[in-house]
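Undergrad: For reference, this is query-v4.txt, and it has compact mmCIF, N, CA and C atoms.
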# COMPACT_ATOMS: atom_id res chain seq x y z
N GLU A 641 53.76 -49.43 -71.28
CA GLU A 641 52.70 -48.46 -71.14
C GLU A 641 51.67 -49.00 -70.16
N MET A 642 51.27 -48.13 -69.25
CA MET A 642 50.31 -48.53 -68.22
C MET A 642 49.23 -47.45 -68.10
N THR A 643 47.96 -47.89 -68.13
CA THR A 643 46.84 -46.97 -67.93
C THR A 643 46.01 -47.47 -66.76
N VAL A 644 45.77 -46.57 -65.81
CA VAL A 644 44.91 -46.87 -64.68
C VAL A 644 43.70 -45.96 -64.82
N ASP A 645 42.56 -46.55 -65.22
CA ASP A 645 41.35 -45.77 -65.48
C ASP A 645 40.38 -45.90 -64.31
N LEU A 646 40.45 -44.95 -63.39
CA LEU A 646 39.58 -44.96 -62.21
C LEU A 646 38.21 -44.36 -62.51
N SER A 647 38.05 -43.77 -63.70
CA SER A 647 36.77 -43.16 -64.05
C SER A 647 35.68 -44.21 -64.22
N ARG A 648 36.06 -45.47 -64.33
CA ARG A 648 35.08 -46.55 -64.50
C ARG A 648 34.59 -47.13 -63.17
N VAL A 649 35.13 -46.63 -62.06
CA VAL A 649 34.70 -47.10 -60.75
C VAL A 649 33.27 -46.61 -60.51
N GLU A 650 32.36 -47.53 -60.27
CA GLU A 650 30.95 -47.17 -60.11
C GLU A 650 30.64 -46.56 -58.75
N ASP A 651 31.34 -46.99 -57.70
CA ASP A 651 31.10 -46.49 -56.35
C ASP A 651 32.30 -45.66 -55.92
N ALA A 652 32.26 -44.36 -56.21
CA ALA A 652 33.37 -43.46 -55.88
C ALA A 652 33.64 -43.42 -54.37
N GLU A 653 32.63 -43.64 -53.55
CA GLU A 653 32.81 -43.66 -52.09
C GLU A 653 33.81 -44.75 -51.68
N ALA A 654 33.91 -45.82 -52.46
CA ALA A 654 34.84 -46.91 -52.15
C ALA A 654 36.30 -46.46 -52.29
N LEU A 655 36.53 -45.37 -53.00
CA LEU A 655 37.89 -44.83 -53.16
C LEU A 655 38.28 -43.86 -52.06
N ASP A 656 37.32 -43.40 -51.27
CA ASP A 656 37.55 -42.34 -50.29
C ASP A 656 38.70 -42.67 -49.34
N GLY A 657 39.65 -41.74 -49.27
CA GLY A 657 40.77 -41.86 -48.35
C GLY A 657 41.91 -42.73 -48.85
N ARG A 658 41.81 -43.27 -50.02
CA ARG A 658 42.84 -44.18 -50.53
C ARG A 658 43.98 -43.40 -51.21
N THR A 659 45.17 -44.00 -51.11
CA THR A 659 46.33 -43.54 -51.87
C THR A 659 46.62 -44.61 -52.91
N ILE A 660 46.68 -44.18 -54.15
CA ILE A 660 46.94 -45.11 -55.25
C ILE A 660 48.33 -44.80 -55.77
N THR A 661 49.22 -45.79 -55.66
CA THR A 661 50.60 -45.64 -56.09
C THR A 661 50.81 -46.45 -57.35
N VAL A 662 51.38 -45.81 -58.38
CA VAL A 662 51.67 -46.46 -59.65
C VAL A 662 53.14 -46.23 -59.94
N GLU A 663 53.89 -47.32 -60.19
CA GLU A 663 55.32 -47.20 -60.43
C GLU A 663 55.72 -47.97 -61.68
N GLY A 664 56.76 -47.48 -62.34
CA GLY A 664 57.28 -48.15 -63.52
C GLY A 664 58.73 -47.79 -63.75
N GLY A 665 59.37 -48.51 -64.67
CA GLY A 665 60.76 -48.26 -64.99
C GLY A 665 60.90 -47.28 -66.14
N VAL A 666 60.51 -47.74 -67.33
CA VAL A 666 60.62 -46.93 -68.54
C VAL A 666 59.30 -47.01 -69.29
N GLY A 667 58.81 -45.88 -69.79
CA GLY A 667 57.58 -45.92 -70.58
C GLY A 667 56.65 -44.78 -70.28
N ARG A 668 55.38 -45.15 -70.18
CA ARG A 668 54.32 -44.15 -70.01
C ARG A 668 53.32 -44.64 -68.98
N ILE A 669 52.97 -43.76 -68.05
CA ILE A 669 51.93 -44.04 -67.07
C ILE A 669 50.83 -43.00 -67.26
N GLU A 670 49.60 -43.47 -67.40
CA GLU A 670 48.46 -42.56 -67.47
C GLU A 670 47.46 -42.97 -66.40
N VAL A 671 47.04 -42.00 -65.60
CA VAL A 671 46.03 -42.23 -64.58
C VAL A 671 44.86 -41.31 -64.87
N ILE A 672 43.68 -41.90 -65.03
CA ILE A 672 42.46 -41.14 -65.31
C ILE A 672 41.59 -41.21 -64.05
N VAL A 673 41.25 -40.04 -63.50
CA VAL A 673 40.50 -40.01 -62.25
C VAL A 673 39.03 -39.71 -62.50
N PRO A 674 38.14 -40.16 -61.61
CA PRO A 674 36.71 -39.89 -61.77
C PRO A 674 36.39 -38.41 -61.60
N ASP A 675 35.29 -37.99 -62.20
CA ASP A 675 34.84 -36.60 -62.09
C ASP A 675 34.37 -36.24 -60.69
N ASP A 676 33.86 -37.23 -59.95
CA ASP A 676 33.16 -36.94 -58.70
C ASP A 676 33.99 -37.20 -57.44
N VAL A 677 35.33 -37.06 -57.53
CA VAL A 677 36.18 -37.18 -56.35
C VAL A 677 37.16 -36.02 -56.30
N ASP A 678 37.56 -35.64 -55.09
CA ASP A 678 38.65 -34.69 -54.90
C ASP A 678 39.95 -35.46 -55.07
N VAL A 679 40.92 -34.84 -55.73
CA VAL A 679 42.17 -35.54 -56.03
C VAL A 679 43.36 -34.66 -55.68
N VAL A 680 44.34 -35.26 -54.99
CA VAL A 680 45.66 -34.67 -54.81
C VAL A 680 46.60 -35.62 -55.54
N ALA A 681 47.34 -35.11 -56.52
CA ALA A 681 48.14 -35.98 -57.38
C ALA A 681 49.57 -35.47 -57.50
N SER A 682 50.49 -36.43 -57.64
CA SER A 682 51.88 -36.07 -57.90
C SER A 682 52.50 -37.11 -58.81
N GLY A 683 53.45 -36.65 -59.61
CA GLY A 683 54.19 -37.53 -60.50
C GLY A 683 55.66 -37.18 -60.45
N ASP A 684 56.52 -38.20 -60.52
CA ASP A 684 57.95 -38.01 -60.41
C ASP A 684 58.64 -38.89 -61.44
N VAL A 685 59.41 -38.28 -62.34
CA VAL A 685 60.22 -39.02 -63.30
C VAL A 685 61.68 -38.77 -62.93
N ASP A 686 62.41 -39.84 -62.59
CA ASP A 686 63.78 -39.72 -62.11
C ASP A 686 64.77 -39.29 -63.20
N GLY A 687 64.59 -39.76 -64.43
CA GLY A 687 65.47 -39.43 -65.54
C GLY A 687 64.80 -38.47 -66.48
N PRO A 688 65.12 -38.57 -67.79
CA PRO A 688 64.46 -37.69 -68.76
C PRO A 688 63.00 -38.07 -68.96
N GLY A 689 62.17 -37.04 -69.12
CA GLY A 689 60.75 -37.31 -69.35
C GLY A 689 59.89 -36.10 -69.09
N SER A 690 58.62 -36.36 -68.85
CA SER A 690 57.67 -35.28 -68.58
C SER A 690 56.60 -35.76 -67.62
N VAL A 691 56.04 -34.79 -66.91
CA VAL A 691 54.94 -35.04 -65.98
C VAL A 691 53.85 -34.02 -66.29
N GLU A 692 52.63 -34.52 -66.53
CA GLU A 692 51.49 -33.64 -66.75
C GLU A 692 50.41 -33.98 -65.73
N VAL A 693 50.05 -33.00 -64.91
CA VAL A 693 49.03 -33.20 -63.88
C VAL A 693 47.92 -32.19 -64.14
N PHE A 694 46.76 -32.69 -64.54
CA PHE A 694 45.59 -31.87 -64.84
C PHE A 694 45.92 -30.71 -65.80
N GLY A 695 46.68 -31.03 -66.86
CA GLY A 695 46.98 -30.06 -67.90
C GLY A 695 48.23 -29.24 -67.69
N ASP A 696 48.83 -29.28 -66.50
CA ASP A 696 50.05 -28.52 -66.21
C ASP A 696 51.24 -29.45 -66.46
N GLU A 697 52.04 -29.17 -67.50
CA GLU A 697 53.10 -30.08 -67.92
C GLU A 697 54.49 -29.51 -67.66
N ASN A 698 55.39 -30.40 -67.18
CA ASN A 698 56.80 -30.06 -66.99
C ASN A 698 57.62 -31.15 -67.67
N GLY A 699 58.71 -30.75 -68.32
CA GLY A 699 59.57 -31.73 -68.97
C GLY A 699 61.02 -31.44 -68.69
N GLY A 700 61.86 -32.47 -68.82
CA GLY A 700 63.29 -32.32 -68.59
C GLY A 700 63.86 -33.57 -67.95
N ILE A 701 64.78 -33.39 -67.03
CA ILE A 701 65.41 -34.50 -66.32
C ILE A 701 65.12 -34.33 -64.83
N ASP A 702 64.79 -35.44 -64.18
CA ASP A 702 64.43 -35.44 -62.75
C ASP A 702 63.28 -34.47 -62.51
N ILE A 703 62.14 -34.78 -63.09
CA ILE A 703 60.97 -33.90 -63.10
C ILE A 703 59.96 -34.32 -62.04
N TYR A 704 59.39 -33.34 -61.36
CA TYR A 704 58.32 -33.57 -60.39
C TYR A 704 57.17 -32.63 -60.74
N GLY A 705 55.97 -33.14 -60.69
CA GLY A 705 54.79 -32.31 -60.90
C GLY A 705 53.70 -32.71 -59.93
N SER A 706 52.90 -31.74 -59.53
CA SER A 706 51.81 -32.05 -58.62
C SER A 706 50.64 -31.11 -58.89
N GLY A 707 49.50 -31.50 -58.40
CA GLY A 707 48.32 -30.68 -58.54
C GLY A 707 47.16 -31.27 -57.79
N SER A 708 46.08 -30.53 -57.74
CA SER A 708 44.89 -31.02 -57.06
C SER A 708 43.66 -30.55 -57.83
N ARG A 709 42.58 -31.26 -57.57
CA ARG A 709 41.31 -30.91 -58.21
C ARG A 709 40.21 -31.20 -57.22
N SER A 710 39.30 -30.25 -57.09
CA SER A 710 38.18 -30.41 -56.17
C SER A 710 36.91 -30.66 -56.96
N ALA A 711 36.15 -31.68 -56.53
CA ALA A 711 34.88 -32.01 -57.19
C ALA A 711 33.71 -31.34 -56.47
N GLY A 712 33.98 -30.66 -55.38
CA GLY A 712 32.91 -30.00 -54.63
C GLY A 712 32.89 -30.46 -53.18
N THR A 713 32.01 -29.89 -52.42
CA THR A 713 31.93 -30.22 -51.00
C THR A 713 31.43 -31.65 -50.76
N ASP A 714 31.95 -32.22 -49.70
CA ASP A 714 31.53 -33.56 -49.25
C ASP A 714 31.69 -34.63 -50.32
N ARG A 715 32.75 -34.56 -51.09
CA ARG A 715 33.05 -35.58 -52.09
C ARG A 715 34.15 -36.49 -51.56
N PRO A 716 34.18 -37.74 -52.02
CA PRO A 716 35.29 -38.62 -51.64
C PRO A 716 36.62 -38.02 -52.13
N SER A 717 37.70 -38.37 -51.45
CA SER A 717 39.01 -37.85 -51.87
C SER A 717 40.01 -38.99 -52.02
N ILE A 718 40.91 -38.84 -53.00
CA ILE A 718 41.97 -39.82 -53.21
C ILE A 718 43.28 -39.09 -53.44
N THR A 719 44.36 -39.82 -53.24
CA THR A 719 45.70 -39.33 -53.52
C THR A 719 46.32 -40.24 -54.57
N ILE A 720 46.90 -39.64 -55.60
CA ILE A 720 47.57 -40.38 -56.66
C ILE A 720 49.06 -40.07 -56.56
N ASP A 721 49.89 -41.12 -56.53
CA ASP A 721 51.34 -40.99 -56.47
C ASP A 721 51.92 -41.84 -57.59
N ALA A 722 52.43 -41.21 -58.67
CA ALA A 722 52.97 -41.94 -59.81
C ALA A 722 54.47 -41.70 -59.92
N ASN A 723 55.23 -42.78 -60.12
CA ASN A 723 56.69 -42.68 -60.19
C ASN A 723 57.19 -43.49 -61.37
N LEU A 724 58.17 -42.93 -62.09
CA LEU A 724 58.71 -43.57 -63.28
C LEU A 724 60.19 -43.25 -63.39
N GLY A 725 60.97 -44.20 -63.90
CA GLY A 725 62.40 -43.96 -64.10
C GLY A 725 62.66 -43.02 -65.25
N VAL A 726 62.12 -43.36 -66.43
CA VAL A 726 62.28 -42.58 -67.65
C VAL A 726 60.97 -42.63 -68.41
N GLY A 727 60.46 -41.48 -68.89
CA GLY A 727 59.27 -41.50 -69.71
C GLY A 727 58.29 -40.40 -69.38
N GLU A 728 57.01 -40.74 -69.49
CA GLU A 728 55.94 -39.75 -69.41
C GLU A 728 54.87 -40.21 -68.40
N ILE A 729 54.46 -39.26 -67.55
CA ILE A 729 53.36 -39.49 -66.63
C ILE A 729 52.27 -38.48 -66.94
N ILE A 730 51.04 -38.97 -67.07
CA ILE A 730 49.89 -38.11 -67.30
C ILE A 730 48.83 -38.45 -66.27
N ILE A 731 48.37 -37.46 -65.53
CA ILE A 731 47.27 -37.63 -64.58
C ILE A 731 46.17 -36.66 -65.03
N SER A 732 45.01 -37.21 -65.39
CA SER A 732 43.97 -36.38 -65.96
C SER A 732 42.60 -36.82 -65.50
N GLN A 733 41.62 -36.03 -65.86
CA GLN A 733 40.21 -36.31 -65.55
C GLN A 733 39.56 -36.96 -66.74
Would you write out, as structure tokens, the structure that this file holds?

TA:
Amino acid sequence: EMTVDLSRVEDAEALDGRTITVEGGVGRIEVIVPDDVDVVASGDVDGPGSVEVFGDENGGIDIYGSGSRSAGTDRPSITIDANLGVGEIIISQ
């Protein structure tokens, strides 16, 4: 199980333009994004599992999910790319 909690980053500007890639074999990946950044996110589970991106969930085998969230004009932006062999990916605010 892996949790990447970006909501604790104090300087959201430091994240601007970054792509954050999280990969695993089997298990669960959770990525929590800050409220004050624009986010483009995707999750891919190669085998059986599920992907939930900002509340939109897909389950099955060889699952891909994506979504985006805007925090407003002139906000920093990040890209989240999560990949897992088998299991569950959750990307949330």

Undergrad: Counting all atoms listed in the file, what is within 6 Å of Arg715 of chain A, bar same-chain residues fewer than 2 positions away, as a list in words?

TA: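 Surrounding residues, per the criterion: Asp676, Val677, Asp678, Gly712, Thr713 and Ser717 of chain A.
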
Undergrad: Rounded to one decimal in Å, what is the spacing between atom N of Asp714 of chain A and atom N of Ile730 of chain A?

TA: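 Between these atoms lies a distance of 26.7 Å.
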
Undergrad: Do you have the atom N of Ile718 of chain A-atom C of Val685 of chain A distance handy?

TA: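 Taking atom N of Ile718 of chain A and atom C of Val685 of chain A, their separation equals 23.0 Å.
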
Undergrad: Could you tell me how far atom C of Ile729 of chain A sits from atom N of Asp684 of chain A, in Å to one decimal place?

TA: 7.7 Å

Undergrad: Compare A:Pro716, A:Gly687, A:Gly695, A:Gly667 by their minimum atom-to-atom distance to Ile731 of chain A, counting all atoms listed in the file, and give me the closest one.

TA: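 Going through A:Pro716, A:Gly687, A:Gly695, A:Gly667 one by one, the smallest distance to Ile731 of chain A is for A:Gly695.
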
Undergrad: I'd like the neighbourhood of Gly727 of chain A as a tab-separated table (two decimals) with N, CA and C atoms, in the coordinates of the input, where a residue qualifies if any of its atoms comes within 6 Å (using only C-alpha atoms), though same-chain residues fewer than 5 positions away should be ignored.

TA:
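Now in selection.tsv:
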chain	number	residue	atom	x	y	z
A	666	VAL	N	60.51	-47.74	-67.33
A	666	VAL	CA	60.62	-46.93	-68.54
A	666	VAL	C	59.30	-47.01	-69.29
A	667	GLY	N	58.81	-45.88	-69.79
A	667	GLY	CA	57.58	-45.92	-70.58
A	667	GLY	C	56.65	-44.78	-70.28
A	668	ARG	N	55.38	-45.15	-70.18
A	668	ARG	CA	54.32	-44.15	-70.01
A	668	ARG	C	53.32	-44.64	-68.98
A	689	GLY	N	62.17	-37.04	-69.12
A	689	GLY	CA	60.75	-37.31	-69.35
A	689	GLY	C	59.89	-36.10	-69.09

Undergrad: Counting only C-alpha atoms, which residues come within 7 Å of (38.7, -41.6, -59.9), with the point read in the file's coordinates, and could you list them as a PDB file with N, CA and C atoms, in the coordinates of the input?

TA:
ATOM      1  N   LEU A 646      40.450 -44.950 -63.390  1.00  0.00           N
ATOM      2  CA  LEU A 646      39.580 -44.960 -62.210  1.00  0.00           C
ATOM      3  C   LEU A 646      38.210 -44.360 -62.510  1.00  0.00           C
ATOM      4  N   SER A 647      38.050 -43.770 -63.700  1.00  0.00           N
ATOM      5  CA  SER A 647      36.770 -43.160 -64.050  1.00  0.00           C
ATOM      6  C   SER A 647      35.680 -44.210 -64.220  1.00  0.00           C
ATOM      7  N   VAL A 649      35.130 -46.630 -62.060  1.00  0.00           N
ATOM      8  CA  VAL A 649      34.700 -47.100 -60.750  1.00  0.00           C
ATOM      9  C   VAL A 649      33.270 -46.610 -60.510  1.00  0.00           C
ATOM     10  N   ALA A 652      32.260 -44.360 -56.210  1.00  0.00           N
ATOM     11  CA  ALA A 652      33.370 -43.460 -55.880  1.00  0.00           C
ATOM     12  C   ALA A 652      33.640 -43.420 -54.370  1.00  0.00           C
ATOM     13  N   ILE A 672      43.680 -41.900 -65.030  1.00  0.00           N
ATOM     14  CA  ILE A 672      42.460 -41.140 -65.310  1.00  0.00           C
ATOM     15  C   ILE A 672      41.590 -41.210 -64.050  1.00  0.00           C
ATOM     16  N   VAL A 673      41.250 -40.040 -63.500  1.00  0.00           N
ATOM     17  CA  VAL A 673      40.500 -40.010 -62.250  1.00  0.00           C
ATOM     18  C   VAL A 673      39.030 -39.710 -62.500  1.00  0.00           C
ATOM     19  N   PRO A 674      38.140 -40.160 -61.610  1.00  0.00           N
ATOM     20  CA  PRO A 674      36.710 -39.890 -61.770  1.00  0.00           C
ATOM     21  C   PRO A 674      36.390 -38.410 -61.600  1.00  0.00           C
ATOM     22  N   ASP A 675      35.290 -37.990 -62.200  1.00  0.00           N
ATOM     23  CA  ASP A 675      34.840 -36.600 -62.090  1.00  0.00           C
ATOM     24  C   ASP A 675      34.370 -36.240 -60.690  1.00  0.00           C
ATOM     25  N   VAL A 677      35.330 -37.060 -57.530  1.00  0.00           N
ATOM     26  CA  VAL A 677      36.180 -37.180 -56.350  1.00  0.00           C
ATOM     27  C   VAL A 677      37.160 -36.020 -56.300  1.00  0.00           C
TER      28      VAL A 677
END

Undergrad: With only C-alpha atoms as the basis for distance, which of A:Val679, A:Ala722, A:Gly699, A:Glu728 is at the shortest distance from Glu641 of chain A?

TA: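 When distances to Glu641 of chain A are compared using only C-alpha atoms, the smallest one comes from A:Glu728.
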
Undergrad: Going by DSSP on the backbone, which residues of segment 692-726 of chain A come out as strand (DSSP E or B)? List them as a PyMOL selection string.

TA: chain A and resi 692-693+696-709+717-726

Undergrad: Within 6.5 Å of (52.9, -46.2, -59.8), only N, CA and C atoms: residues as a compact mmCIF listing (two decimals) with N, CA and C atoms, in the frame of the given file?

TA:
# COMPACT_ATOMS: atom_id res chain seq x y z
N ILE A 660 46.68 -44.18 -54.15
CA ILE A 660 46.94 -45.11 -55.25
C ILE A 660 48.33 -44.80 -55.77
N THR A 661 49.22 -45.79 -55.66
CA THR A 661 50.60 -45.64 -56.09
C THR A 661 50.81 -46.45 -57.35
N VAL A 662 51.38 -45.81 -58.38
CA VAL A 662 51.67 -46.46 -59.65
C VAL A 662 53.14 -46.23 -59.94
N GLU A 663 53.89 -47.32 -60.19
CA GLU A 663 55.32 -47.20 -60.43
C GLU A 663 55.72 -47.97 -61.68
N GLY A 664 56.76 -47.48 -62.34
CA GLY A 664 57.28 -48.15 -63.52
C GLY A 664 58.73 -47.79 -63.75
N ASP A 721 49.89 -41.12 -56.53
CA ASP A 721 51.34 -40.99 -56.47
C ASP A 721 51.92 -41.84 -57.59
N ALA A 722 52.43 -41.21 -58.67
CA ALA A 722 52.97 -41.94 -59.81
C ALA A 722 54.47 -41.70 -59.92
N ASN A 723 55.23 -42.78 -60.12
CA ASN A 723 56.69 -42.68 -60.19
C ASN A 723 57.19 -43.49 -61.37

Undergrad: Would you mind telling me which residue in A:Thr719, A:Ser710, A:Thr643, A:Gln733 lies nearest to Leu655 of chain A when using only C-alpha atoms?

TA: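 Closest to Leu655 of chain A, using only C-alpha atoms: A:Thr719.
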
Undergrad: Chain A: which residues are helix (DSSP H, G or I) by DSSP, as a PyMOL selection string?

TA: chain A and resi 646-648+652-655

Undergrad: Kindly indicate which residue among A:Ala654, A:Ile703, A:Val644, A:Ala711 lies nearest to Ser682 of chain A, using only C-alpha atoms for the distances.

TA: A:Ile703
